[in-house]
>>> print(open('query_19.cif').read())   # mmCIF, C-alpha atoms
data_structure
loop_
_atom_site.label_atom_id
_atom_site.label_comp_id
_atom_site.auth_asym_id
_atom_site.auth_seq_id
_atom_site.Cartn_x
_atom_site.Cartn_y
_atom_site.Cartn_z
CA ARG A 1 -12.17 -15.69 -6.18
CA ALA A 2 -9.84 -18.65 -6.16
CA THR A 3 -10.44 -21.34 -3.56
CA GLU A 4 -7.71 -23.43 -1.95
CA LYS A 5 -7.49 -27.09 -0.99
CA PRO A 6 -4.66 -28.88 0.83
CA VAL A 7 -2.67 -31.31 -1.33
CA GLU A 8 -0.13 -33.98 -0.44
CA ARG A 9 2.36 -33.37 -3.24
CA ALA A 10 5.28 -31.15 -4.12
CA ALA A 11 4.51 -27.47 -4.51
CA LYS A 12 4.36 -26.06 -8.01
CA LYS A 13 3.94 -22.64 -9.57
CA GLY A 14 0.50 -21.24 -8.82
CA ASP A 15 0.17 -23.07 -5.50
CA MET A 16 -0.26 -21.24 -2.21
CA VAL A 17 2.29 -22.36 0.37
CA GLU A 18 2.32 -21.49 4.07
CA ILE A 19 5.88 -21.02 5.31
CA ASP A 20 8.00 -20.14 8.31
CA PHE A 21 11.19 -18.38 7.30
CA GLY A 22 14.21 -16.57 8.68
CA THR A 23 16.86 -14.43 6.98
CA THR A 24 20.48 -13.77 7.89
CA VAL A 25 23.19 -11.60 6.33
CA ASP A 26 26.76 -12.46 7.32
CA GLY A 27 25.31 -14.81 9.91
CA VAL A 28 23.22 -12.10 11.59
CA ALA A 29 19.41 -12.17 11.55
CA ILE A 30 18.04 -9.08 9.79
CA GLU A 31 15.24 -6.93 11.19
CA GLY A 32 11.86 -7.91 9.77
CA GLY A 33 13.41 -10.86 7.94
CA ASP A 34 11.37 -13.63 9.56
CA ALA A 35 7.74 -14.69 9.71
CA LYS A 36 5.52 -17.56 10.81
CA LYS A 37 2.75 -19.18 8.73
CA TYR A 38 3.35 -16.68 5.95
CA PRO A 39 1.00 -17.24 2.95
CA LEU A 40 2.77 -17.10 -0.41
CA VAL A 41 1.50 -17.81 -3.92
CA LEU A 42 4.38 -19.24 -5.95
CA GLY A 43 4.89 -17.21 -9.11
CA ASP A 44 3.27 -13.99 -7.89
CA GLY A 45 6.66 -12.30 -7.48
CA GLN A 46 5.93 -11.23 -3.93
CA MET A 47 9.40 -12.12 -2.66
CA ILE A 48 12.83 -11.21 -4.05
CA PRO A 49 13.84 -12.87 -7.36
CA GLY A 50 14.65 -16.56 -6.95
CA PHE A 51 12.92 -17.06 -3.58
CA GLU A 52 9.68 -18.53 -4.86
CA GLU A 53 11.45 -20.71 -7.42
CA GLN A 54 13.42 -22.31 -4.58
CA LEU A 55 10.18 -23.57 -3.07
CA GLU A 56 8.87 -25.22 -6.20
CA GLY A 57 9.16 -28.96 -5.63
CA ALA A 58 9.08 -28.68 -1.83
CA GLN A 59 6.53 -30.58 0.24
CA ALA A 60 4.78 -29.85 3.54
CA GLY A 61 7.17 -30.42 6.44
CA GLU A 62 10.28 -29.89 4.32
CA GLU A 63 12.96 -27.39 5.33
CA LYS A 64 15.13 -25.65 2.76
CA THR A 65 18.15 -23.38 3.13
CA PHE A 66 19.38 -21.31 0.21
CA THR A 67 21.34 -18.19 -0.59
CA LEU A 68 20.14 -15.26 -2.72
CA SER A 69 21.23 -11.67 -3.30
CA PHE A 70 18.94 -8.75 -2.62
CA PRO A 71 18.22 -6.62 -5.74
CA LYS A 72 20.43 -3.57 -6.21
CA ASP A 73 17.36 -1.30 -5.91
CA TYR A 74 16.31 -2.88 -2.59
CA LYS A 75 16.53 -1.08 0.77
CA LYS A 76 19.90 0.66 0.81
CA ASP A 77 21.20 -1.23 3.86
CA LEU A 78 20.51 -4.57 2.12
CA ALA A 79 20.78 -3.71 -1.58
CA GLY A 80 23.04 -6.16 -3.42
CA LYS A 81 23.93 -8.10 -0.27
CA GLN A 82 23.87 -11.88 -0.13
CA ALA A 83 21.46 -13.43 2.35
CA GLU A 84 20.80 -16.93 3.61
CA PHE A 85 17.17 -17.99 3.90
CA THR A 86 15.91 -20.87 6.03
CA VAL A 87 12.37 -21.87 5.05
CA THR A 88 10.06 -24.51 6.46
CA VAL A 89 7.03 -25.36 4.34
CA GLN A 90 4.08 -25.82 6.67
CA ALA A 91 1.41 -26.51 4.05
CA VAL A 92 0.85 -26.73 0.31
CA ARG A 93 -2.53 -25.72 -1.09
CA GLU A 94 -3.73 -25.95 -4.66
CA ARG A 95 -5.59 -22.88 -5.87
CA VAL A 96 -8.74 -23.64 -7.85
CA ILE A 97 -9.68 -20.88 -10.29
CA PRO A 98 -13.42 -20.63 -11.13
CA LYS A 99 -14.51 -20.88 -14.74
CA ALA A 100 -15.07 -17.48 -16.36
CA ASP A 101 -18.64 -17.64 -17.63
CA ASP A 102 -22.01 -15.90 -17.20
CA ALA A 103 -22.72 -17.83 -13.99
CA PHE A 104 -19.47 -16.59 -12.46
CA ALA A 105 -20.21 -13.02 -13.59
CA LYS A 106 -23.55 -13.16 -11.76
CA THR A 107 -21.78 -13.96 -8.47
CA LEU A 108 -20.08 -10.56 -8.92
CA GLY A 109 -23.33 -8.73 -9.53
CA GLN A 110 -23.12 -8.64 -13.34
CA THR A 111 -25.65 -10.08 -15.77
CA SER A 112 -23.12 -11.67 -18.14
CA LEU A 113 -19.42 -12.31 -18.69
CA ALA A 114 -19.43 -9.59 -21.37
CA ASP A 115 -20.71 -7.07 -18.84
CA LEU A 116 -18.09 -8.17 -16.32
CA LYS A 117 -15.30 -7.73 -18.89
CA LYS A 118 -16.63 -4.28 -19.76
CA LEU A 119 -16.65 -3.31 -16.08
CA ILE A 120 -13.12 -4.62 -15.55
CA LYS A 121 -11.89 -2.67 -18.58
CA GLU A 122 -13.51 0.52 -17.29
CA ASN A 123 -11.98 -0.01 -13.83
CA LEU A 124 -8.52 -0.68 -15.24
CA THR A 125 -8.76 2.39 -17.45
CA HIS A 126 -9.81 4.53 -14.50
CA GLU A 127 -6.98 3.10 -12.40
CA ALA A 128 -4.41 3.82 -15.13
CA GLU A 129 -5.67 7.40 -15.52
CA HIS A 130 -5.57 7.87 -11.74
CA LYS A 131 -1.99 6.55 -11.56
CA GLU A 132 -0.86 8.86 -14.35
CA ALA A 133 -2.52 11.87 -12.72
CA HIS A 134 -0.86 10.96 -9.42
CA ARG A 135 2.51 10.61 -11.18
CA GLN A 136 2.16 14.08 -12.67
CA GLU A 137 1.11 15.55 -9.33
CA THR A 138 4.05 13.93 -7.55
CA GLU A 139 6.47 15.16 -10.21
CA VAL A 140 5.16 18.73 -10.02
CA LEU A 141 5.58 18.94 -6.25
CA LYS A 142 8.92 17.07 -6.35
CA VAL A 143 10.41 19.65 -8.71
CA ILE A 144 9.12 22.55 -6.59
CA VAL A 145 10.39 20.98 -3.35
CA GLU A 146 13.81 20.35 -4.89
CA ASN A 147 14.03 24.02 -5.87
CA SER A 148 12.89 25.33 -2.48
CA ALA A 149 14.99 26.15 0.57
CA PHE A 150 14.09 24.67 3.96
CA GLY A 151 15.44 25.22 7.43
CA GLU A 152 15.53 22.44 10.00
CA LEU A 153 12.14 20.76 10.07
CA PRO A 154 10.49 20.88 13.53
CA ARG A 155 10.31 17.43 15.12
CA VAL A 156 6.63 17.94 15.92
CA LEU A 157 5.83 18.19 12.19
CA ILE A 158 7.69 14.94 11.46
CA ASP A 159 5.93 13.14 14.33
CA ASN A 160 2.54 14.43 13.19
CA GLU A 161 3.24 13.21 9.66
CA LEU A 162 4.30 9.79 10.95
CA ASN A 163 1.03 9.62 12.89
CA ARG A 164 -0.86 10.52 9.74
CA MET A 165 0.97 7.86 7.71
CA LEU A 166 0.13 5.22 10.30
CA ARG A 167 -3.55 6.25 10.24
CA GLU A 168 -3.53 6.06 6.44
CA LEU A 169 -2.07 2.56 6.62
CA GLU A 170 -4.64 1.55 9.24
CA GLN A 171 -7.52 2.92 7.14
CA ASP A 172 -6.22 1.25 3.99
CA LEU A 173 -5.99 -2.07 5.80
CA ALA A 174 -9.46 -1.59 7.30
CA GLN A 175 -10.92 -1.15 3.82
CA ARG A 176 -9.54 -4.60 3.03
CA GLY A 177 -10.86 -6.06 6.28
CA VAL A 178 -7.44 -6.31 7.95
CA GLN A 179 -6.51 -4.98 11.39
CA LEU A 180 -3.23 -3.07 11.81
CA MET A 181 -2.19 -5.32 14.71
CA ASP A 182 -2.70 -8.45 12.60
CA TYR A 183 -0.75 -6.85 9.74
CA MET A 184 2.20 -6.09 12.03
CA GLN A 185 2.15 -9.59 13.50
CA GLN A 186 2.17 -11.12 10.03
CA LEU A 187 5.23 -9.05 9.08
CA ASN A 188 6.81 -9.56 12.51
CA THR A 189 7.16 -5.81 12.97
CA THR A 190 6.10 -3.13 15.45
CA GLU A 191 4.73 0.39 15.31
CA GLU A 192 8.16 1.70 16.31
CA LYS A 193 9.79 -0.15 13.41
CA LEU A 194 7.14 1.14 10.99
CA ARG A 195 7.72 4.71 12.13
CA LYS A 196 11.46 4.32 11.59
CA GLU A 197 10.84 2.90 8.12
CA PHE A 198 8.44 5.77 7.29
CA GLU A 199 10.78 8.51 8.56
CA PRO A 200 12.51 9.48 5.23
CA ARG A 201 9.15 9.61 3.47
CA ALA A 202 7.69 11.68 6.33
CA HIS A 203 10.40 14.33 5.82
CA GLU A 204 9.54 14.56 2.13
CA ARG A 205 5.83 14.76 2.85
CA VAL A 206 6.34 17.56 5.38
CA LYS A 207 8.36 19.55 2.84
CA THR A 208 5.68 18.97 0.23
CA ALA A 209 2.95 20.04 2.66
CA LEU A 210 4.84 23.22 3.56
CA VAL A 211 5.24 24.16 -0.11
CA ALA A 212 1.57 23.37 -0.85
CA GLN A 213 0.51 25.42 2.18
CA GLU A 214 2.54 28.41 1.01
CA VAL A 215 1.00 28.22 -2.47
CA ALA A 216 -2.51 27.81 -1.03
CA THR A 217 -2.06 30.80 1.28
CA ALA A 218 -0.51 33.02 -1.39
CA HIS A 219 -3.27 32.29 -3.91
CA LYS A 220 -6.18 31.95 -1.43
CA ILE A 221 -6.85 28.31 -2.32
CA THR A 222 -9.33 26.77 0.14
CA VAL A 223 -11.71 23.85 0.53
CA SER A 224 -15.23 24.51 1.76
CA PRO A 225 -16.96 22.47 4.51
CA GLU A 226 -19.51 21.41 1.89
CA GLU A 227 -16.77 19.97 -0.34
CA ILE A 228 -15.32 18.03 2.59
CA GLU A 229 -18.73 16.63 3.55
CA GLN A 230 -19.41 15.62 -0.05
CA GLU A 231 -16.10 13.76 -0.24
CA ILE A 232 -16.82 11.98 3.05
CA LYS A 233 -20.34 11.11 1.83
CA GLN A 234 -18.86 9.49 -1.29
CA THR A 235 -16.39 7.48 0.79
CA LYS A 236 -19.19 6.28 3.09
CA GLU A 237 -21.26 5.22 0.11
CA GLN A 238 -18.31 3.44 -1.49
CA TYR A 239 -17.63 1.46 1.69
CA LYS A 240 -21.19 1.22 3.02
CA ASP A 241 -20.72 -2.44 3.97
CA ASN A 242 -17.52 -1.81 5.95
CA PRO A 243 -18.32 -0.73 9.54
CA GLU A 244 -14.67 0.07 10.30
CA VAL A 245 -14.51 2.62 7.48
CA GLN A 246 -17.90 4.05 8.48
CA LYS A 247 -16.55 4.69 11.98
CA ASN A 248 -13.22 6.17 10.83
CA VAL A 249 -14.71 8.73 8.42
CA GLN A 250 -16.65 10.35 11.27
CA THR A 251 -13.53 11.40 13.19
CA ARG A 252 -12.09 14.90 13.29
CA GLU A 253 -8.72 13.51 12.20
CA TYR A 254 -10.23 12.06 9.06
CA LYS A 255 -11.95 15.34 8.18
CA GLU A 256 -8.61 17.13 8.58
CA TYR A 257 -7.01 14.49 6.37
CA VAL A 258 -9.68 14.99 3.68
CA GLU A 259 -9.23 18.77 3.82
CA HIS A 260 -5.46 18.32 3.51
CA VAL A 261 -5.77 16.00 0.50
CA MET A 262 -8.38 18.15 -1.28
CA THR A 263 -6.37 21.34 -0.72
CA ASN A 264 -3.29 19.66 -2.17
CA LYS A 265 -5.30 18.58 -5.21
CA LYS A 266 -6.44 22.16 -5.78
CA VAL A 267 -2.88 23.43 -5.36
CA ILE A 268 -1.59 20.91 -7.87
CA GLU A 269 -4.32 21.80 -10.37
CA PHE A 270 -3.43 25.46 -9.91
CA LEU A 271 0.24 24.73 -10.55
CA LYS A 272 -0.53 22.59 -13.59
CA ASP A 273 -2.87 25.25 -15.02
CA THR A 274 -0.52 28.17 -14.44
CA ILE A 275 3.17 27.42 -13.94
CA ILE A 276 3.39 24.37 -16.19
CA THR A 277 1.23 25.92 -18.91
CA ASP A 278 3.26 29.10 -18.83
#
>>> encode(input="query_19.cif", output="structure tokens")
Amino acid sequence: RATEKPVERAAKKGDMVEIDFGTTVDGVAIEGGDAKKYPLVLGDGQMIPGFEEQLEGAQAGEEKTFTLSFPKDYKKDLAGKQAEFTVTVQAVRERVIPKADDAFAKTLGQTSLADLKKLIKENLTHEAEHKEAHRQETEVLKVIVENSAFGELPRVLIDNELNRMLRELEQDLAQRGVQLMDYMQQLNTTEEKLRKEFEPRAHERVKTALVAQEVATAHKITVSPEEIEQEIKQTKEQYKDNPEVQKNVQTREYKEYVEHVMTNKKVIEFLKDTIITD
């Protein structure tokens, strides 16, 4: 809910700066390492350590060149490597944070600040529980996949999974009011580059899906059409003011995706209730 206003002063922590930047390693521009009019809030930790601090004190129109090392847990082809960044600050905007009071709470549909805090606490609790459940689910399937034998994965399965991952990204962006094309332009990337980046994860997801499918078949785990429709109904209600989501949930591909996700959930619950318990 912060608002922004242009300022004619040096940027400081908490400001939003709009930058053009380029990145080179050993004098060679890296793929996806440049952007134009990129919005960045100083202090949010969006960029690698040290990047945002370098821009504190810079003013609109100023160009800065500095060298930083990528973290050791970064992408393996860049991890630990030293890179040179050239950044031009296009604009500096001060972010104005609204006062947290009952009047502010009412703009968010709550009757008082106390009610808003209660709602936020409930949402954070739900999010933490969801993350922990997801962590457990991921760990269960990871262990089973690691102890399973696979032949060569058919290319068609990998391509289908990459298509699914792109649709998931597109739907996630749509829920936030962002178009996939705009997202790719902002990151100076392409669908081909995204697919290449997603490839290792797609292999793991295919293996996981194959294991889940075997378990579902062996133990007759299914999802009924009524369950799928109920899940879609909930999604439509949750995003009733988002026409893009309303359109996407009507497609056959989305119904297949919902069935896939719900079947996996049932498989994981089965594994947690039987194998892990035993």
>>> residues_around(input="query_19.cif", residues="A:Glu63", least_positions_apart="4", cutoff="7 Å", atoms="only C-alpha atoms", output="ChimeraX atom specification")
/A:87-89
>>> atom_distance(input="query_19.cif", atom1="atom CA of A:Ala35", atom2="atom CA of A:Leu187")
6.2 Å
>>> atom_distance(input="query_19.cif", atom1="atom CA of A:Lys37", atom2="atom CA of A:Asp20")
5.4 Å
>>> residues_near_point(input="query_19.cif", point="(-11.9, -15.1, -14.8)", cutoff="10 Å", atoms="all atoms listed in the file", output="compact mmCIF listing (two decimals) with C-alpha atoms, in the coordinates of the input")
# COMPACT_ATOMS: atom_id res chain seq x y z
CA ARG A 1 -12.17 -15.69 -6.18
CA ALA A 2 -9.84 -18.65 -6.16
CA ILE A 97 -9.68 -20.88 -10.29
CA PRO A 98 -13.42 -20.63 -11.13
CA LYS A 99 -14.51 -20.88 -14.74
CA ALA A 100 -15.07 -17.48 -16.36
CA ASP A 101 -18.64 -17.64 -17.63
CA PHE A 104 -19.47 -16.59 -12.46
CA ALA A 105 -20.21 -13.02 -13.59
CA LEU A 113 -19.42 -12.31 -18.69
CA LEU A 116 -18.09 -8.17 -16.32
CA LYS A 117 -15.30 -7.73 -18.89
>>> atom_distance(input="query_19.cif", atom1="atom CA of A:Phe70", atom2="atom CA of A:Lys142")
27.9 Å
>>> resolve_selection(input="query_19.cif", expression="the PyMOL selection byres ((chain A and resi 18) around 7)", output="list in words")
Met16, Val17, Ile19, Lys37, Tyr38, Pro39, Leu40, Val89, Gln90, Ala91 and Val92 of chain A
>>> closest_residue(input="query_19.cif", among="A:Gln185, A:Gln246, A:Asn264, A:Thr86", to="A:Thr23", atoms="all atoms listed in the file")
A:Thr86
>>> residues_around(input="query_19.cif", residues="A:Arg93", least_positions_apart="4", cutoff="9 Å", atoms="only C-alpha atoms", output="PyMOL selection string")
chain A and resi 4-8+11+15-18
>>> residues_around(input="query_19.cif", residues="A:Glu227", least_positions_apart="4", cutoff="10 Å", atoms="all atoms listed in the file", output="list in words")
Val223, Glu231, Ile232, Lys233, Val258, Glu259 and Met262 of chain A
>>> residues_around(input="query_19.cif", residues="A:Val245", least_positions_apart="2", cutoff="10 Å", atoms="all atoms listed in the file", output="list in words")
Gln171, Asp172, Leu173, Ala174, Gln175, Arg176, Gly177, Thr235, Lys236, Gln238, Tyr239, Lys240, Asp241, Asn242, Pro243, Lys247, Asn248, Val249 and Gln250 of chain A
>>> write_last_selection(input="query_19.cif", atoms="C-alpha atoms", output="PDB file, in the frame of the given file")
ATOM      1  CA  GLN A 171      -7.520   2.920   7.140  1.00  0.00           C
ATOM      2  CA  ASP A 172      -6.220   1.250   3.990  1.00  0.00           C
ATOM      3  CA  LEU A 173      -5.990  -2.070   5.800  1.00  0.00           C
ATOM      4  CA  ALA A 174      -9.460  -1.590   7.300  1.00  0.00           C
ATOM      5  CA  GLN A 175     -10.920  -1.150   3.820  1.00  0.00           C
ATOM      6  CA  ARG A 176      -9.540  -4.600   3.030  1.00  0.00           C
ATOM      7  CA  GLY A 177     -10.860  -6.060   6.280  1.00  0.00           C
ATOM      8  CA  THR A 235     -16.390   7.480   0.790  1.00  0.00           C
ATOM      9  CA  LYS A 236     -19.190   6.280   3.090  1.00  0.00           C
ATOM     10  CA  GLN A 238     -18.310   3.440  -1.490  1.00  0.00           C
ATOM     11  CA  TYR A 239     -17.630   1.460   1.690  1.00  0.00           C
ATOM     12  CA  LYS A 240     -21.190   1.220   3.020  1.00  0.00           C
ATOM     13  CA  ASP A 241     -20.720  -2.440   3.970  1.00  0.00           C
ATOM     14  CA  ASN A 242     -17.520  -1.810   5.950  1.00  0.00           C
ATOM     15  CA  PRO A 243     -18.320  -0.730   9.540  1.00  0.00           C
ATOM     16  CA  LYS A 247     -16.550   4.690  11.980  1.00  0.00           C
ATOM     17  CA  ASN A 248     -13.220   6.170  10.830  1.00  0.00           C
ATOM     18  CA  VAL A 249     -14.710   8.730   8.420  1.00  0.00           C
ATOM     19  CA  GLN A 250     -16.650  10.350  11.270  1.00  0.00           C
TER      20      GLN A 250
END
>>> closest_residue(input="query_19.cif", among="A:Lys36, A:Lys266, A:Arg95, A:Lys72", to="A:Gly14", atoms="all atoms listed in the file")
A:Arg95
>>> residues_around(input="query_19.cif", residues="stretch 80-82 of chain A", least_positions_apart="4", cutoff="10 Å", atoms="all atoms listed in the file", output="mmCIF file with C-alpha atoms, in the coordinates of the input")
data_model
loop_
_atom_site.group_PDB
_atom_site.id
_atom_site.type_symbol
_atom_site.label_atom_id
_atom_site.label_comp_id
_atom_site.auth_asym_id
_atom_site.auth_seq_id
_atom_site.Cartn_x
_atom_site.Cartn_y
_atom_site.Cartn_z
ATOM 1 C CA THR A 24 20.480 -13.770 7.890
ATOM 2 C CA VAL A 25 23.190 -11.600 6.330
ATOM 3 C CA ASP A 26 26.760 -12.460 7.320
ATOM 4 C CA THR A 67 21.340 -18.190 -0.590
ATOM 5 C CA LEU A 68 20.140 -15.260 -2.720
ATOM 6 C CA SER A 69 21.230 -11.670 -3.300
ATOM 7 C CA PHE A 70 18.940 -8.750 -2.620
ATOM 8 C CA PRO A 71 18.220 -6.620 -5.740
ATOM 9 C CA LYS A 72 20.430 -3.570 -6.210
ATOM 10 C CA ASP A 73 17.360 -1.300 -5.910
ATOM 11 C CA TYR A 74 16.310 -2.880 -2.590
ATOM 12 C CA LYS A 75 16.530 -1.080 0.770
ATOM 13 C CA LYS A 76 19.900 0.660 0.810
#
>>> closest_residue(input="query_19.cif", among="A:Leu119, A:Val145, A:Ala216, A:Ile30", to="A:Asn188", atoms="all atoms listed in the file")
A:Ile30
>>> resolve_selection(input="query_19.cif", expression="the PyMOL selection byres ((chain A and resi 161-166) around 12)", output="PyMOL selection string")
chain A and resi 153-160+167-173+180-181+184+190-210+253-254+256-258+260-261
>>> closest_residue(input="query_19.cif", among="A:Lys12, A:Glu146, A:Thr222, A:Glu122", to="A:Gly43", atoms="all atoms listed in the file")
A:Lys12
>>> closest_residue(input="query_19.cif", among="A:Thr189, A:Gln110, A:Gln230, A:Asn147", to="A:Glu31", atoms="only C-alpha atoms")
A:Thr189
>>> closest_residue(input="query_19.cif", among="A:Glu129, A:Val215, A:Thr107, A:Gln234", to="A:Ile144", atoms="only C-alpha atoms")
A:Val215
>>> build_atoms(input="query_19.cif", residues="stretch 42-71 of chain A", atoms="N, CA and C atoms", output="tab-separated table (two decimals), in the frame of the given file")
chain	number	residue	atom	x	y	z
A	42	LEU	N	3.18	-19.07	-5.15
A	42	LEU	CA	4.38	-19.24	-5.95
A	42	LEU	C	4.14	-18.71	-7.36
A	43	GLY	N	5.02	-17.79	-7.78
A	43	GLY	CA	4.89	-17.21	-9.11
A	43	GLY	C	4.32	-15.81	-9.12
A	44	ASP	N	3.84	-15.34	-7.96
A	44	ASP	CA	3.27	-13.99	-7.89
A	44	ASP	C	4.34	-12.91	-7.83
A	45	GLY	N	5.58	-13.29	-7.55
A	45	GLY	CA	6.66	-12.30	-7.48
A	45	GLY	C	6.61	-11.44	-6.23
A	46	GLN	N	6.05	-11.99	-5.16
A	46	GLN	CA	5.93	-11.23	-3.93
A	46	GLN	C	7.27	-11.10	-3.20
A	47	MET	N	8.10	-12.12	-3.33
A	47	MET	CA	9.40	-12.12	-2.66
A	47	MET	C	10.49	-11.72	-3.65
A	48	ILE	N	11.75	-11.62	-3.17
A	48	ILE	CA	12.83	-11.21	-4.05
A	48	ILE	C	13.05	-12.28	-5.11
A	49	PRO	N	13.63	-11.91	-6.26
A	49	PRO	CA	13.84	-12.87	-7.36
A	49	PRO	C	14.58	-14.12	-6.89
A	50	GLY	N	14.02	-15.28	-7.27
A	50	GLY	CA	14.65	-16.56	-6.95
A	50	GLY	C	14.07	-17.24	-5.73
A	51	PHE	N	13.44	-16.48	-4.83
A	51	PHE	CA	12.92	-17.06	-3.58
A	51	PHE	C	11.81	-18.07	-3.85
A	52	GLU	N	10.83	-17.66	-4.63
A	52	GLU	CA	9.68	-18.53	-4.86
A	52	GLU	C	10.06	-19.77	-5.68
A	53	GLU	N	11.00	-19.57	-6.61
A	53	GLU	CA	11.45	-20.71	-7.42
A	53	GLU	C	12.10	-21.78	-6.56
A	54	GLN	N	12.77	-21.36	-5.48
A	54	GLN	CA	13.42	-22.31	-4.58
A	54	GLN	C	12.42	-23.22	-3.89
A	55	LEU	N	11.18	-22.79	-3.78
A	55	LEU	CA	10.18	-23.57	-3.07
A	55	LEU	C	9.37	-24.48	-3.98
A	56	GLU	N	9.54	-24.31	-5.29
A	56	GLU	CA	8.87	-25.22	-6.20
A	56	GLU	C	9.49	-26.61	-6.05
A	57	GLY	N	8.67	-27.61	-5.85
A	57	GLY	CA	9.16	-28.96	-5.63
A	57	GLY	C	9.24	-29.35	-4.17
A	58	ALA	N	9.05	-28.38	-3.26
A	58	ALA	CA	9.08	-28.68	-1.83
A	58	ALA	C	7.74	-29.22	-1.36
A	59	GLN	N	7.75	-30.02	-0.31
A	59	GLN	CA	6.53	-30.58	0.24
A	59	GLN	C	6.32	-30.10	1.67
A	60	ALA	N	5.09	-30.24	2.17
A	60	ALA	CA	4.78	-29.85	3.54
A	60	ALA	C	5.69	-30.59	4.51
A	61	GLY	N	6.26	-29.84	5.46
A	61	GLY	CA	7.17	-30.42	6.44
A	61	GLY	C	8.63	-30.34	6.04
A	62	GLU	N	8.89	-29.95	4.80
A	62	GLU	CA	10.28	-29.89	4.32
A	62	GLU	C	10.92	-28.55	4.69
A	63	GLU	N	12.20	-28.61	5.04
A	63	GLU	CA	12.96	-27.39	5.33
A	63	GLU	C	14.02	-27.19	4.25
A	64	LYS	N	14.15	-25.97	3.79
A	64	LYS	CA	15.13	-25.65	2.76
A	64	LYS	C	15.97	-24.45	3.19
A	65	THR	N	17.25	-24.51	2.88
A	65	THR	CA	18.15	-23.38	3.13
A	65	THR	C	18.83	-23.02	1.82
A	66	PHE	N	18.78	-21.75	1.47
A	66	PHE	CA	19.38	-21.31	0.21
A	66	PHE	C	19.87	-19.88	0.33
A	67	THR	N	20.73	-19.51	-0.60
A	67	THR	CA	21.34	-18.19	-0.59
A	67	THR	C	20.93	-17.40	-1.83
A	68	LEU	N	20.52	-16.15	-1.62
A	68	LEU	CA	20.14	-15.26	-2.72
A	68	LEU	C	20.69	-13.87	-2.44
A	69	SER	N	20.80	-13.06	-3.48
A	69	SER	CA	21.23	-11.67	-3.30
A	69	SER	C	20.04	-10.74	-3.41
A	70	PHE	N	19.98	-9.76	-2.53
A	70	PHE	CA	18.94	-8.75	-2.62
A	70	PHE	C	19.16	-7.92	-3.88
A	71	PRO	N	18.08	-7.48	-4.55
A	71	PRO	CA	18.22	-6.62	-5.74
A	71	PRO	C	19.00	-5.34	-5.42
